[in-house]
Amino acid sequence: MKYAVAFAIGLIFGTGLLVSGMYLPAKVLGFLDLAGKWDPSLAFVMGGALPFSAIGFVLAHRRGKAVFGDPLHIPERTRIDPRLLAGAAIFGVGWGLSGVCPGPAIFNLGFASGPAFVFFAAVAAGMAAYEAYDRVTAQP
Amino acid sequence: MQIDWLNFTPWSALAGGALIGIAAALLINFNGRVMGASNIVGGLFRSLSDAPWRLSFLAGLIAPALAAAAFGAPRPVFFAGTATLIVAGLLVGVGTRMGSGCTSGHGVCGISRLSARSIAATLVFMLAGFASVFAVRHAFAGVAS
């Protein structure tokens, strides 16, 4: 049951990317290009998402656990450390170069185009490489 | 600043954004998970113990694209060449793992639960995104393709 629900929720997320047009690199780059003709749509996507997401987190916190009984996996770290900021900066550069962040990178696999596969493979390789590095450095 | 009125789509952006927010609300309430695309994929490289829900979610995420492609929705056009796409993809992969999140995890979920880390991360990746697009499209336009 919880897997069917996860599938359905993925479906809603993907439909959101489709309806908003945020799977299109042109829409994302139009937002990131402040010096060109600026397309503010991405800010409206975030503005449309935040109230619903915020209500969802308040309700989840109030219940203290998930409907299916799982604990809430909410990040506990609060310190803004160099790793967080460096990672965000590296991600931002890649996002600006491509116009694609991880959600759309996965979504676009459905269009089965060469560049979509190349980009996703590179993202996955980068993730695997960082995880491997993290494992090596975490265990002396 | 000039607004790109021809391509600006406020209503579909708000509607699509609402769907994304509703999905984030449902995932934390039903599955107890933060809806961050990079963490859902990236977690697979850490442990396969909770792979089933991750893969179920990812299958759901791809499904609308399959339908959209079949019904002639605009296909995503990647402006960057293959080499740039590979470099950009590696940066996105490394950066989102190192920085613990992406546009959905930090930008939507993190900000909506008022996480200082997520607000900081979102500001940084937005600024880096603005800067790299400025570099490619304006400062060094025509230098590399």
# chains A, B, ... in the order shown; residues from 1 in each chain; ligands from 1

call {"tool": "residues_around", "arguments": {"residues": "Gly69 of chain A", "least_positions_apart": "6", "cutoff": "10 Å", "atoms": "only C-alpha atoms", "output": "list in words"}}
result
Asn29, Phe30, Asn31 and Gly32 of chain B

call {"tool": "residues_around", "arguments": {"residues": "Trp11 of chain B", "least_positions_apart": "2", "cutoff": "10 Å", "atoms": "only C-alpha atoms", "output": "number ranges by chain"}}
result
A: 19-20, 41, 44-45, 48; B: 8-9, 13-17

call {"tool": "write_last_selection", "arguments": {"atoms": "N, CA and C atoms", "output": "compact mmCIF listing (two decimals), in the first residue's frame"}}
result
# COMPACT_ATOMS: atom_id res chain seq x y z
N VAL A 19 2.79 20.52 -15.72
CA VAL A 19 1.87 21.66 -15.81
C VAL A 19 2.62 22.98 -15.71
N SER A 20 3.60 23.04 -14.81
CA SER A 20 4.34 24.29 -14.61
C SER A 20 5.35 24.54 -15.72
N SER A 41 8.42 32.76 -13.95
CA SER A 41 7.53 31.62 -13.65
C SER A 41 8.02 30.74 -12.50
N PHE A 44 6.89 31.65 -9.20
CA PHE A 44 5.46 31.37 -8.99
C PHE A 44 5.24 29.89 -8.66
N VAL A 45 6.08 29.02 -9.23
CA VAL A 45 5.98 27.59 -8.90
C VAL A 45 6.28 27.41 -7.41
N GLY A 48 3.52 28.77 -5.36
CA GLY A 48 2.34 27.90 -5.38
C GLY A 48 2.53 26.67 -4.51
N PHE B 8 6.28 34.14 -19.90
CA PHE B 8 5.88 34.13 -18.49
C PHE B 8 4.49 33.48 -18.37
N THR B 9 4.41 32.40 -17.56
CA THR B 9 3.16 31.65 -17.43
C THR B 9 2.75 31.57 -15.96
N ALA B 13 2.19 28.12 -13.71
CA ALA B 13 3.26 27.97 -12.73
C ALA B 13 2.68 27.79 -11.33
N LEU B 14 1.67 28.60 -11.00
CA LEU B 14 1.03 28.48 -9.68
C LEU B 14 0.33 27.13 -9.54
N ALA B 15 -0.36 26.70 -10.60
CA ALA B 15 -1.10 25.43 -10.55
C ALA B 15 -0.12 24.26 -10.43
N GLY B 16 0.93 24.27 -11.24
CA GLY B 16 1.92 23.20 -11.16
C GLY B 16 2.63 23.22 -9.82
N GLY B 17 2.92 24.43 -9.33
CA GLY B 17 3.56 24.57 -8.02
C GLY B 17 2.67 23.99 -6.93

call {"tool": "closest_residue", "arguments": {"among": "A:Ala112, A:Asp81, A:Thr137, A:Phe52", "to": "chain B", "atoms": "only C-alpha atoms"}}
result
A:Phe52

call {"tool": "closest_residue", "arguments": {"among": "A:Ala129, A:Val100, A:Leu84, A:Leu18", "to": "chain B", "atoms": "only C-alpha atoms"}}
result
A:Leu84

call {"tool": "atom_distance", "arguments": {"atom1": "atom CA of Thr103 of chain B", "atom2": "atom CA of Arg63 of chain A"}}
result
26.2 Å

call {"tool": "atom_distance", "arguments": {"atom1": "atom CA of Thr122 of chain B", "atom2": "atom CA of Cys102 of chain B"}}
result
7.9 Å

call {"tool": "select_by_dssp", "arguments": {"residues": "chain A", "states": "alpha helix (DSSP H)", "output": "VMD selection string"}}
result
chain A and resid 2 to 20 25 to 32 41 to 63 82 to 98 102 to 107 114 to 138
